[in-house]
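Let me begin by presenting the structure, written as C-alpha cells, before commenting on it.
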Amino acid sequence: MIDKISFDRALKRVEKPARYIGMEKNSIKKDLEKVDIKFAFCFPDVYEVGMSHLGLHILYNLLNNEDYIACERVFAPWADMENEMRKEGIPLFSLENKEPIRNFDFVGFTLQYEMSYTNIINMLDLGNIPVYSKDRKDSDPLVIAGGPCAYNPEPIADFIDFFVIGEAEEIILDIMKIYREHKSNGFKRLEFLKEISRLEGIYVPQFYDVFYKEDNTIDRMEPIFDGVPRVINKRIIKELDKSYYPDKLIVPFIETVHDRIPLEIFRGCTRGCRFCQAGMIYRPVREKTVDTLVKLAEKLADSTGYGDISLTSLSSCDYSQLRLLVSKLISKYKEKQVGVSLPSLRLDSFSLEILKEIEKVRKTGLTFAPEAGSQRLRDVINKGVTEKDLETAVTYAFEEGWSTIKLYFMIGLPTETKEDVLGIKDLGYKVKNIFFNLPKEKRKGNLKITLSVSCFVPKPFTPFQWIGQNSIDEFYEKINLLKKEIRDNKITFNYHDPQISYLEAVLARGDRRLSKALYKAWELGCKFDGWSDFFDYEKWMEAFNKTGIDADFYALRERKTDEVLPWDFIDTGVDKKYLIAEYEKAKNGTLTRDCRLGCNNCGINRSFLGGVC
Amino acid sequence: MNLRVKFTKEGYLKFISHLDMMRLFDRAFRRGNIPIKYSQGFNPQPKISIANPLALGIESQAEFMDVELNERMPEKYFIDIMNNELPEGIRIIDAKYVDDNNIVSSAVGWSYYEINVKVYNVEDIDFIKGFIDKWLMNTEILMERTRIKKGKEIKDIRNIRPLIGNVTVAEHDKDIRKGTEHELKLYCLLKSGDSGNLKPTDFLMAFKEYTGLDMDIEMADIKRLNMYLEVNGEIRSPM
C-alpha cells in the first residue's frame, strides 16, 4: 500500500481529490494476500472519462467474479496530482487497495483512442515499471492491452507484452487460468508468452520481426519462433444474449461523462459507413433480446440507484425491437423517476417518435450526423441519408417543439470539393429556413443551430484505410472558408483542431517504428494529447524530427491497395477484398445497402457463425 | 413528513463535494426504496436539504439534513437501510421526525470545529492561548473577503468578531513537537448559516494575520464536531 500520510497531503492540494479515493458503491476491494492473481485495469485517461467506459465495468466484474482474482482500477492522474505524486514519491496505485501497480501480476490498458498512448508510457513510468517490454524481468508485471485501437497495435508494440485482439470478455479468463498455472510452477516470462501466443486472439509483438522495403513500406512480417501464428484472428462473443453482463456497476461519487446505466442493446452495425472503423471491426451484429434487457435493467437500476438508463450501441435506433423495449422500460420506470435515453439518433421520423415517447416533456437539444454537406459526398461515404431525410426529421422536430439542433460533419473526406464543403453551410441555412417557414404559432423556443466539423482521420480496417489525409493547411483552408461563409446569429460554427487530427492519423496507421517517437514525445512532456489544453504540436514535431520519423509518410500518403499494411496480420473477419471493392465503389459514389436488407458478402459470415447478417 | 437526519462525513469521504453528496443520497434512497418525495417539473429532484454544506476536505461527526418522505417509516428502519447503502465514512447516526416548518438548512446557526494545524518557527506555543484571548477582546476584527457576484469580483471588508464564539486551545503534547514545529489543536464555535457565516479556514487566516504565526492552513486537519440552532439567544441541538 502507498504511504497514507503523503497520499493525504497530496489529496489536500489537488483539484477533484475524489478521483483518487475509490470506495464507491459496488466497487470491490479484496484482500490482496488471499488471491492468486492481481489484475490492474488501467484506463489511460482521467477518472471521469474512464469510469464512463462500459468495457471497464464488464471486465472488472467478470474478473472479480472469480475468487482467485482481484481486479482493481487505475486511471491517469490529472497533471496536478501527478506533480504531487512525483513530489511525494507516491507510485501509481490502484483505487481499491491503494496498491502500487508494480505489485500486480497484470497491468492491462484499454485502448479507446490513439491520443491516449503517451499516457500509457507516463503511467508505466509513474508505476515504476520498465516502459519498454524488452526491459521487463520475470518479477515485473505483464503489461497487456486491448480495445478498438489494438486492431493496429504496432505503434505501441515496443511497450506492450501482449495484445488481446477483439472482445476480451471472450478470452480473458482463459488467459488467467494459463497464468495461474505458470505462476504456481515458477513464472518465466518468455515461457508464458510463448504459450499464450498460441491462443487465438493473442498477439505478442516481440515474437515478430518486421522487414522494410527501401521506400520505407513494409516488406513482410516474420514470426521468430515456430508455432507463433502468422495471422491473428479477432475473438468475439458469439451469443451476446447469453454472454456475461454485470448486474452491478460502480457508482462514482463525482459526476462522470456518462453518469447513467449503460444498457448495451447490441454490438456491431449494419449500415456500412465507409469511414467508420467501429462499423467494420465489431461485425457481425449481435442483438440482446428484450427479455434479457428488461431483466438486466431491473437489476442494474436496483443495484446502482441511477436515475437514467441509456440504450447504448453503435446505432441504437437500428435495434429490431426498439419500440417494444422502450415502451416496456418506460412503463416500468416512470413511477420510479428513472428516465430512458437514446445516445445516437437516426435522421428519420421513427427515431423522433421514439424520442418523443421517451422525453415526454423535456425538450433537450437534438443532434444529427449527416457527416457530409452534399448528397454526392454522402454517397461516397455510404452514409445512407438524404437531404429529404434531414428536412423531414428537422421539420418534425420543430413542430414537436425542439429548437436546438446540432449537426455533425467531417471535412477532408475522400473526393471532397469546395462545393461539398459549402454544402455544410447550405444545410445549416436550410434548417434555419425550415424553422422560419413554419407558421409563427408552431415555432417554439429560440432557434439555435450548431454546425460542428471534425477533420477526417482514415482508420485501419475501413475502405478508406489507403487514403491520404488532408494536410493541416488544407483543413484550415476549408475551415476558414466555412468561417467566412457562415454569418448568421442563429448558426454557430465550431471545428476540431486539425493538428490533433493529423497526429491521430499518424498514430492510427503507424507501424512499430513509431514507438520510439512516442517515447521521445513523452520525454519531451507530452501527455493527455486528446485534451486541447495539453496538446503540444511543436513538441510532437520535435519528437518526430529527433527520432527520424517522417510523420507525413503515415498521415498524408495515399497507399496502393497491394501495399503491406502494418495491421494486415490481423484478421477481423471482414475480407480485404471487400474493403477494396468498397473503396472502388466509394470513388464512383455507389451505395452499398444496409446488411439487414441482404448480405453484402463482407466475409464475416464465413468467419464467425451466429451473426445475423 | 419531514425526517431530520444526523450523519457523519469522515475519512476520504471528506473529499466529495456538496453536489456529490446530493447525488449520493439520491442514489442511496433509490437503492433502498425509501419513499422520498421528488420536486415537480421537468427535472425532478429529491426533496432533501443539507444544512451548511462543508467545504471540500473538512470532516464531520455531525451533519444534518431534512428529508421529505411520502409516507412515514420507522426511524430505525430508515437508519438501517441507509447505512447499508451508504459508503464507509458516511454513517447515519440519528433520525427523527420533526414537525416544525423551519427546515434545518435555514435553522442552523453555529458550528463547532476541531482544528489541527502545524505552526512553524517558534520555540513554544504556550503563549497562543493568551494571544487568542487578547485577540477576541476586540469588538471588531476586520477581514477582507472576495466574492464573485454576476461574474464580477467584489471585495469588501467585514467585521468577523460577531461570527466567532468560544475558542479554546487544547493542552498539547510537548513530546510530538519536532524542533520548532508544533501541532496546535483548537476548538472553535463559529457562526454558520443564513444569519452570518465564517468558514474555519477564514477564521484561521484572520488569526494568522493577527499573530503573524507561520501556520500551514492549507494542510490543516479540520473536523466539524457539531452544529447548533440558536433559539432566543440559546443554542441547542437540531435533533
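Each chain in the C-alpha cells gets a letter, A, B and so on, in the order shown; residues start at 1 in every chain, and ligands are counted from 1 in the order they appear.
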Check region 46-222 of chain B with DSSP on the backbone and list each residue it calls strand (DSSP E), as a ChimeraX atom specification.
-> /B:48-50,59-68,92-97,108-120,142-149,152-159,164-169,182-191,214-215,221-222
Hey, which bits of chain B sit within 10 Å of chain A, and for each residue what's the closest pair of atoms and how far apart in Å (one decimal), counting only C-alpha atoms, rows by chain and increasing number, as a tab-separated table?
residue	atom	partner	partner_atom	distance
B:Gly11	CA	A:Ile21	CA	9.9
B:Tyr12	CA	A:Ile21	CA	6.4
B:Leu13	CA	A:Ala18	CA	7.9
B:Lys14	CA	A:Ala18	CA	8.8
B:Phe15	CA	A:Ala18	CA	5.5
B:Ile16	CA	A:Ala18	CA	5.7
B:Ser17	CA	A:Ile254	CA	8.1
B:Leu19	CA	A:Ile254	CA	8.4
B:Asp20	CA	A:Ile254	CA	5.6
B:Met21	CA	A:Phe253	CA	7.7
B:Met22	CA	A:Phe253	CA	9.9
B:Arg23	CA	A:Phe253	CA	7.7
B:Leu24	CA	A:Phe253	CA	6.5
B:Phe25	CA	A:Gly305	CA	9.6
B:Asp26	CA	A:Gly305	CA	7.6
B:Arg27	CA	A:Gly305	CA	4.2
B:Ala28	CA	A:Gly305	CA	6.3
B:Phe29	CA	A:Gly305	CA	7.5
B:Arg30	CA	A:Gly305	CA	4.9
B:Arg31	CA	A:Gly305	CA	4.8
B:Gly32	CA	A:Asp302	CA	8.3
B:Asn33	CA	A:Asp302	CA	8.8
B:Pro35	CA	A:Lys336	CA	10.0
B:Tyr38	CA	A:Gln337	CA	8.6
B:Gly41	CA	A:Arg362	CA	9.2
B:Phe42	CA	A:Arg362	CA	5.7
B:Asn43	CA	A:Arg362	CA	8.1
B:Pro44	CA	A:Gln337	CA	7.7
B:Gln45	CA	A:Gln337	CA	9.3
B:Pro46	CA	A:Gln337	CA	9.9
B:Leu56	CA	A:Lys12	CA	8.8
B:Gly57	CA	A:Lys12	CA	6.7
B:Ile58	CA	A:Lys12	CA	9.9
B:Glu85	CA	A:Lys25	CA	7.7
B:Leu86	CA	A:Lys25	CA	7.6
B:Pro87	CA	A:Lys25	CA	6.5
B:Glu88	CA	A:Met23	CA	7.5
B:Gly89	CA	A:Met23	CA	9.4
B:Glu218	CA	A:Lys12	CA	7.4
B:Met219	CA	A:Lys12	CA	6.7
B:Ala220	CA	A:Lys12	CA	9.2
B:Asp221	CA	A:Lys12	CA	9.7
Convert the current residue selection to file output with N, CA and C atoms, as a short mmCIF file (atom, residue, chain, number, x, y, z; two decimals), in the first residue's frame.
data_model
loop_
_atom_site.label_atom_id
_atom_site.label_comp_id
_atom_site.auth_asym_id
_atom_site.auth_seq_id
_atom_site.Cartn_x
_atom_site.Cartn_y
_atom_site.Cartn_z
N GLY B 11 -13.17 10.38 6.98
CA GLY B 11 -12.17 9.68 6.16
C GLY B 11 -12.08 10.33 4.78
N TYR B 12 -11.86 9.51 3.77
CA TYR B 12 -11.70 10.05 2.41
C TYR B 12 -12.96 10.71 1.88
N LEU B 13 -14.11 10.40 2.51
CA LEU B 13 -15.35 10.99 2.02
C LEU B 13 -15.38 12.51 2.23
N LYS B 14 -14.42 13.02 3.02
CA LYS B 14 -14.34 14.48 3.17
C LYS B 14 -13.97 15.13 1.84
N PHE B 15 -13.51 14.33 0.89
CA PHE B 15 -13.10 14.90 -0.39
C PHE B 15 -14.21 14.92 -1.43
N ILE B 16 -15.44 14.61 -1.04
CA ILE B 16 -16.51 14.75 -2.03
C ILE B 16 -17.35 15.99 -1.71
N SER B 17 -17.81 16.64 -2.77
CA SER B 17 -18.43 17.96 -2.63
C SER B 17 -19.90 17.85 -2.21
N LEU B 19 -22.48 18.81 -3.93
CA LEU B 19 -23.24 18.29 -5.07
C LEU B 19 -23.12 16.77 -5.17
N ASP B 20 -21.91 16.29 -4.92
CA ASP B 20 -21.69 14.84 -4.92
C ASP B 20 -22.53 14.18 -3.83
N MET B 21 -22.63 14.84 -2.68
CA MET B 21 -23.41 14.30 -1.56
C MET B 21 -24.89 14.20 -1.94
N MET B 22 -25.39 15.23 -2.62
CA MET B 22 -26.80 15.22 -3.02
C MET B 22 -27.07 14.04 -3.95
N ARG B 23 -26.16 13.85 -4.91
CA ARG B 23 -26.30 12.72 -5.85
C ARG B 23 -26.21 11.39 -5.12
N LEU B 24 -25.26 11.33 -4.21
CA LEU B 24 -25.03 10.09 -3.46
C LEU B 24 -26.26 9.70 -2.64
N PHE B 25 -26.88 10.70 -1.97
CA PHE B 25 -28.07 10.39 -1.19
C PHE B 25 -29.23 9.99 -2.10
N ASP B 26 -29.38 10.71 -3.21
CA ASP B 26 -30.46 10.38 -4.14
C ASP B 26 -30.37 8.90 -4.55
N ARG B 27 -29.16 8.48 -4.93
CA ARG B 27 -29.00 7.10 -5.40
C ARG B 27 -29.17 6.09 -4.27
N ALA B 28 -28.72 6.46 -3.09
CA ALA B 28 -28.89 5.56 -1.95
C ALA B 28 -30.37 5.41 -1.61
N PHE B 29 -31.14 6.52 -1.68
CA PHE B 29 -32.59 6.44 -1.45
C PHE B 29 -33.25 5.51 -2.45
N ARG B 30 -32.85 5.64 -3.72
CA ARG B 30 -33.43 4.80 -4.76
C ARG B 30 -33.12 3.33 -4.51
N ARG B 31 -31.85 3.06 -4.19
CA ARG B 31 -31.46 1.65 -3.97
C ARG B 31 -32.22 1.08 -2.78
N GLY B 32 -32.41 1.90 -1.77
CA GLY B 32 -33.05 1.42 -0.56
C GLY B 32 -34.56 1.51 -0.60
N ASN B 33 -35.12 1.95 -1.75
CA ASN B 33 -36.57 2.12 -1.88
C ASN B 33 -37.17 2.98 -0.78
N PRO B 35 -39.25 5.98 0.49
CA PRO B 35 -40.35 6.72 -0.16
C PRO B 35 -40.11 8.24 -0.14
N TYR B 38 -40.24 13.79 -4.49
CA TYR B 38 -39.49 14.47 -5.56
C TYR B 38 -40.16 15.79 -5.90
N GLY B 41 -41.85 19.06 -12.03
CA GLY B 41 -41.16 19.73 -13.12
C GLY B 41 -40.44 18.78 -14.04
N PHE B 42 -39.69 19.35 -14.97
CA PHE B 42 -39.01 18.56 -16.00
C PHE B 42 -37.89 17.73 -15.43
N ASN B 43 -37.30 18.23 -14.37
CA ASN B 43 -36.12 17.57 -13.85
C ASN B 43 -36.30 17.32 -12.36
N PRO B 44 -37.12 16.33 -12.02
CA PRO B 44 -37.48 16.12 -10.61
C PRO B 44 -36.25 15.83 -9.74
N GLN B 45 -36.17 16.51 -8.62
CA GLN B 45 -35.06 16.29 -7.69
C GLN B 45 -35.62 15.83 -6.35
N PRO B 46 -34.90 14.98 -5.64
CA PRO B 46 -35.38 14.54 -4.34
C PRO B 46 -35.42 15.72 -3.37
N LEU B 56 -14.81 21.29 0.75
CA LEU B 56 -14.05 20.10 0.41
C LEU B 56 -12.86 19.94 1.35
N GLY B 57 -12.70 18.73 1.88
CA GLY B 57 -11.53 18.46 2.70
C GLY B 57 -11.78 18.57 4.20
N ILE B 58 -13.01 18.96 4.60
CA ILE B 58 -13.32 19.06 6.03
C ILE B 58 -14.20 17.87 6.44
N GLU B 85 -26.62 1.12 2.49
CA GLU B 85 -26.39 1.63 1.14
C GLU B 85 -25.28 2.66 1.06
N LEU B 86 -24.97 3.30 2.19
CA LEU B 86 -24.01 4.40 2.15
C LEU B 86 -22.57 3.89 2.27
N PRO B 87 -21.63 4.64 1.70
CA PRO B 87 -20.23 4.21 1.79
C PRO B 87 -19.69 4.37 3.20
N GLU B 88 -18.66 3.60 3.46
CA GLU B 88 -17.90 3.70 4.70
C GLU B 88 -17.48 5.18 4.81
N GLY B 89 -17.67 5.77 5.96
CA GLY B 89 -17.31 7.19 6.08
C GLY B 89 -18.54 8.06 6.21
N GLU B 218 -3.35 25.48 4.61
CA GLU B 218 -3.77 24.58 3.52
C GLU B 218 -3.80 23.12 3.99
N MET B 219 -2.84 22.77 4.86
CA MET B 219 -2.72 21.39 5.30
C MET B 219 -3.42 21.10 6.63
N ALA B 220 -4.13 22.10 7.16
CA ALA B 220 -4.79 21.90 8.46
C ALA B 220 -5.83 20.78 8.38
N ASP B 221 -5.93 20.00 9.46
CA ASP B 221 -7.00 19.00 9.57
C ASP B 221 -8.15 19.63 10.32
#
Please, what distance in Å, to one decimal, runs between CA of Val340 (chain A) and CA of Ser243 (chain A)?
-> 23.2 Å
Can you check which residues of region 10-124 of chain B DSSP gives as alpha helix (DSSP H) on the backbone and send them as JSON, numbers by chain?
-> {"B": [18, 19, 20, 21, 22, 23, 24, 25, 26, 27, 28, 29, 30, 31, 75, 76, 77, 78, 79, 80, 81, 82, 83, 84, 85, 104, 105, 106, 107]}
Would you mind exporting the chosen residues as an mmCIF file, in the first residue's frame, restricted to N, CA and C atoms?
data_model
loop_
_atom_site.group_PDB
_atom_site.id
_atom_site.type_symbol
_atom_site.label_atom_id
_atom_site.label_comp_id
_atom_site.auth_asym_id
_atom_site.auth_seq_id
_atom_site.Cartn_x
_atom_site.Cartn_y
_atom_site.Cartn_z
ATOM 1 N N HIS B 18 -20.487 18.987 -1.954
ATOM 2 C CA HIS B 18 -21.897 19.037 -1.581
ATOM 3 C C HIS B 18 -22.777 18.451 -2.688
ATOM 4 N N LEU B 19 -22.476 18.810 -3.935
ATOM 5 C CA LEU B 19 -23.242 18.295 -5.074
ATOM 6 C C LEU B 19 -23.119 16.774 -5.175
ATOM 7 N N ASP B 20 -21.906 16.288 -4.925
ATOM 8 C CA ASP B 20 -21.689 14.838 -4.919
ATOM 9 C C ASP B 20 -22.533 14.179 -3.830
ATOM 10 N N MET B 21 -22.629 14.838 -2.681
ATOM 11 C CA MET B 21 -23.409 14.299 -1.564
ATOM 12 C C MET B 21 -24.892 14.198 -1.942
ATOM 13 N N MET B 22 -25.392 15.226 -2.616
ATOM 14 C CA MET B 22 -26.796 15.224 -3.016
ATOM 15 C C MET B 22 -27.068 14.043 -3.953
ATOM 16 N N ARG B 23 -26.156 13.849 -4.912
ATOM 17 C CA ARG B 23 -26.304 12.720 -5.852
ATOM 18 C C ARG B 23 -26.214 11.386 -5.121
ATOM 19 N N LEU B 24 -25.255 11.326 -4.205
ATOM 20 C CA LEU B 24 -25.028 10.092 -3.458
ATOM 21 C C LEU B 24 -26.262 9.705 -2.637
ATOM 22 N N PHE B 25 -26.877 10.696 -1.973
ATOM 23 C CA PHE B 25 -28.071 10.395 -1.190
ATOM 24 C C PHE B 25 -29.227 9.991 -2.095
ATOM 25 N N ASP B 26 -29.383 10.706 -3.211
ATOM 26 C CA ASP B 26 -30.459 10.378 -4.144
ATOM 27 C C ASP B 26 -30.370 8.903 -4.551
ATOM 28 N N ARG B 27 -29.161 8.485 -4.928
ATOM 29 C CA ARG B 27 -28.998 7.105 -5.401
ATOM 30 C C ARG B 27 -29.166 6.094 -4.271
ATOM 31 N N ALA B 28 -28.722 6.461 -3.086
ATOM 32 C CA ALA B 28 -28.888 5.557 -1.946
ATOM 33 C C ALA B 28 -30.373 5.414 -1.610
ATOM 34 N N PHE B 29 -31.138 6.519 -1.683
ATOM 35 C CA PHE B 29 -32.590 6.444 -1.445
ATOM 36 C C PHE B 29 -33.246 5.508 -2.449
ATOM 37 N N ARG B 30 -32.847 5.642 -3.716
ATOM 38 C CA ARG B 30 -33.433 4.803 -4.764
ATOM 39 C C ARG B 30 -33.120 3.328 -4.509
ATOM 40 N N ARG B 31 -31.848 3.055 -4.194
ATOM 41 C CA ARG B 31 -31.464 1.655 -3.970
ATOM 42 C C ARG B 31 -32.218 1.077 -2.778
ATOM 43 N N GLU B 75 -38.012 5.263 12.179
ATOM 44 C CA GLU B 75 -36.688 5.882 12.078
ATOM 45 C C GLU B 75 -35.578 4.841 12.015
ATOM 46 N N LYS B 76 -35.711 3.826 12.838
ATOM 47 C CA LYS B 76 -34.653 2.828 12.922
ATOM 48 C C LYS B 76 -34.489 2.078 11.601
ATOM 49 N N TYR B 77 -35.656 1.823 11.002
ATOM 50 C CA TYR B 77 -35.722 1.165 9.712
ATOM 51 C C TYR B 77 -34.955 1.979 8.662
ATOM 52 N N PHE B 78 -35.253 3.281 8.679
ATOM 53 C CA PHE B 78 -34.586 4.205 7.757
ATOM 54 C C PHE B 78 -33.072 4.161 7.962
ATOM 55 N N ILE B 79 -32.649 4.255 9.208
ATOM 56 C CA ILE B 79 -31.218 4.285 9.519
ATOM 57 C C ILE B 79 -30.534 3.004 9.035
ATOM 58 N N ASP B 80 -31.161 1.859 9.309
ATOM 59 C CA ASP B 80 -30.544 0.585 8.933
ATOM 60 C C ASP B 80 -30.419 0.439 7.419
ATOM 61 N N ILE B 81 -31.497 0.763 6.716
ATOM 62 C CA ILE B 81 -31.459 0.637 5.249
ATOM 63 C C ILE B 81 -30.382 1.546 4.672
ATOM 64 N N MET B 82 -30.388 2.788 5.131
ATOM 65 C CA MET B 82 -29.457 3.754 4.553
ATOM 66 C C MET B 82 -28.010 3.384 4.856
ATOM 67 N N ASN B 83 -27.738 2.959 6.079
ATOM 68 C CA ASN B 83 -26.345 2.626 6.404
ATOM 69 C C ASN B 83 -25.838 1.439 5.600
ATOM 70 N N ASN B 84 -26.772 0.621 5.148
ATOM 71 C CA ASN B 84 -26.402 -0.486 4.296
ATOM 72 C C ASN B 84 -26.021 -0.006 2.894
ATOM 73 N N GLU B 85 -26.615 1.118 2.491
ATOM 74 C CA GLU B 85 -26.389 1.635 1.135
ATOM 75 C C GLU B 85 -25.276 2.664 1.063
ATOM 76 N N VAL B 104 -33.934 22.466 8.547
ATOM 77 C CA VAL B 104 -32.670 22.537 9.266
ATOM 78 C C VAL B 104 -31.638 23.421 8.548
ATOM 79 N N SER B 105 -31.706 23.445 7.208
ATOM 80 C CA SER B 105 -30.688 24.214 6.487
ATOM 81 C C SER B 105 -30.799 25.705 6.757
ATOM 82 N N SER B 106 -32.028 26.192 7.046
ATOM 83 C CA SER B 106 -32.118 27.624 7.350
ATOM 84 C C SER B 106 -32.103 27.871 8.853
ATOM 85 N N ALA B 107 -32.271 26.794 9.641
ATOM 86 C CA ALA B 107 -32.329 26.982 11.097
ATOM 87 C C ALA B 107 -30.961 26.960 11.768
#
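The shortest atom-to-atom distance to Ser316 (chain A), with only C-alpha atoms taken into account, belongs to A:Cys269 out of A:Cys269, A:Leu366, A:Ala555, A:Met280.
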Region 437-441 of chain A surroundings by only C-alpha atoms, 10 Å radius, close-in-sequence under 6 positions cut, as a PyMOL selection string | chain A and resi 395+398-399+431
Considering only C-alpha atoms, state which residue in the set B:Val169, B:Leu163, B:Ile48, B:Val108 is at the smallest distance from Gly130 (chain B).
-> B:Val169
Excluding Leu482 (chain A) and its own-chain neighbours fewer than 5 positions away, which residues fall within 8 Å of it when counting only C-alpha atoms? Please give them as a PDB file with N, CA and C atoms, in the first residue's frame.
ATOM      1  N   VAL A 421     -17.844  21.206 -49.322  1.00  0.00           N
ATOM      2  CA  VAL A 421     -17.592  21.917 -48.065  1.00  0.00           C
ATOM      3  C   VAL A 421     -18.679  22.972 -47.839  1.00  0.00           C
ATOM      4  N   LEU A 422     -18.981  23.719 -48.905  1.00  0.00           N
ATOM      5  CA  LEU A 422     -20.007  24.751 -48.766  1.00  0.00           C
ATOM      6  C   LEU A 422     -21.385  24.151 -48.529  1.00  0.00           C
ATOM      7  N   LYS A 425     -22.531  24.534 -45.004  1.00  0.00           N
ATOM      8  CA  LYS A 425     -23.191  25.809 -44.722  1.00  0.00           C
ATOM      9  C   LYS A 425     -24.632  25.794 -45.246  1.00  0.00           C
TER      10      LYS A 425
END
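Contact shell of Thr139 (chain B) at 10 Å (only C-alpha atoms; same-chain neighbours under 2 positions omitted): B:Trp135, B:Leu136, B:Met137, B:Ile141, B:Leu142, B:Asn159, B:Ile160, B:Arg161, B:Pro162.
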May I have the residues within 9 Å of Cys188 (chain B) as a short mmCIF file (atom, residue, chain, number, x, y, z; two decimals) with N, CA and C atoms, in the first residue's frame, using only C-alpha atoms and disregarding those fewer than 3 positions away in the same chain?
data_model
loop_
_atom_site.label_atom_id
_atom_site.label_comp_id
_atom_site.auth_asym_id
_atom_site.auth_seq_id
_atom_site.Cartn_x
_atom_site.Cartn_y
_atom_site.Cartn_z
N SER B 111 -21.56 26.33 14.18
CA SER B 111 -20.83 25.07 14.02
C SER B 111 -19.65 25.05 14.97
N TYR B 112 -19.39 23.85 15.48
CA TYR B 112 -18.28 23.70 16.42
C TYR B 112 -17.20 22.84 15.75
N TYR B 113 -16.00 23.39 15.66
CA TYR B 113 -14.94 22.71 14.92
C TYR B 113 -13.76 22.32 15.79
N GLU B 114 -13.09 21.26 15.38
CA GLU B 114 -11.77 20.94 15.93
C GLU B 114 -10.77 21.17 14.80
N ILE B 115 -9.73 21.93 15.11
CA ILE B 115 -8.73 22.24 14.09
C ILE B 115 -7.36 21.79 14.56
N ILE B 164 -17.62 34.86 15.73
CA ILE B 164 -16.78 33.94 16.49
C ILE B 164 -17.32 33.77 17.90
N GLY B 165 -17.55 32.51 18.28
CA GLY B 165 -17.98 32.23 19.65
C GLY B 165 -16.80 31.81 20.49
N ASN B 166 -17.01 30.78 21.31
CA ASN B 166 -15.92 30.28 22.15
C ASN B 166 -14.76 29.73 21.34
N VAL B 167 -13.55 30.04 21.79
CA VAL B 167 -12.38 29.42 21.18
C VAL B 167 -11.50 28.90 22.31
N THR B 168 -11.12 27.64 22.24
CA THR B 168 -10.22 27.11 23.27
C THR B 168 -9.04 26.42 22.62
N VAL B 169 -7.93 26.41 23.35
CA VAL B 169 -6.74 25.72 22.86
C VAL B 169 -6.57 24.46 23.70
N PRO B 200 -14.08 27.94 8.74
CA PRO B 200 -12.96 27.72 9.66
C PRO B 200 -11.61 28.12 9.06
#
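Taking CA of Thr561 (chain A) and CA of Ser197 (chain A) as endpoints, the distance between them is 28.9 Å.
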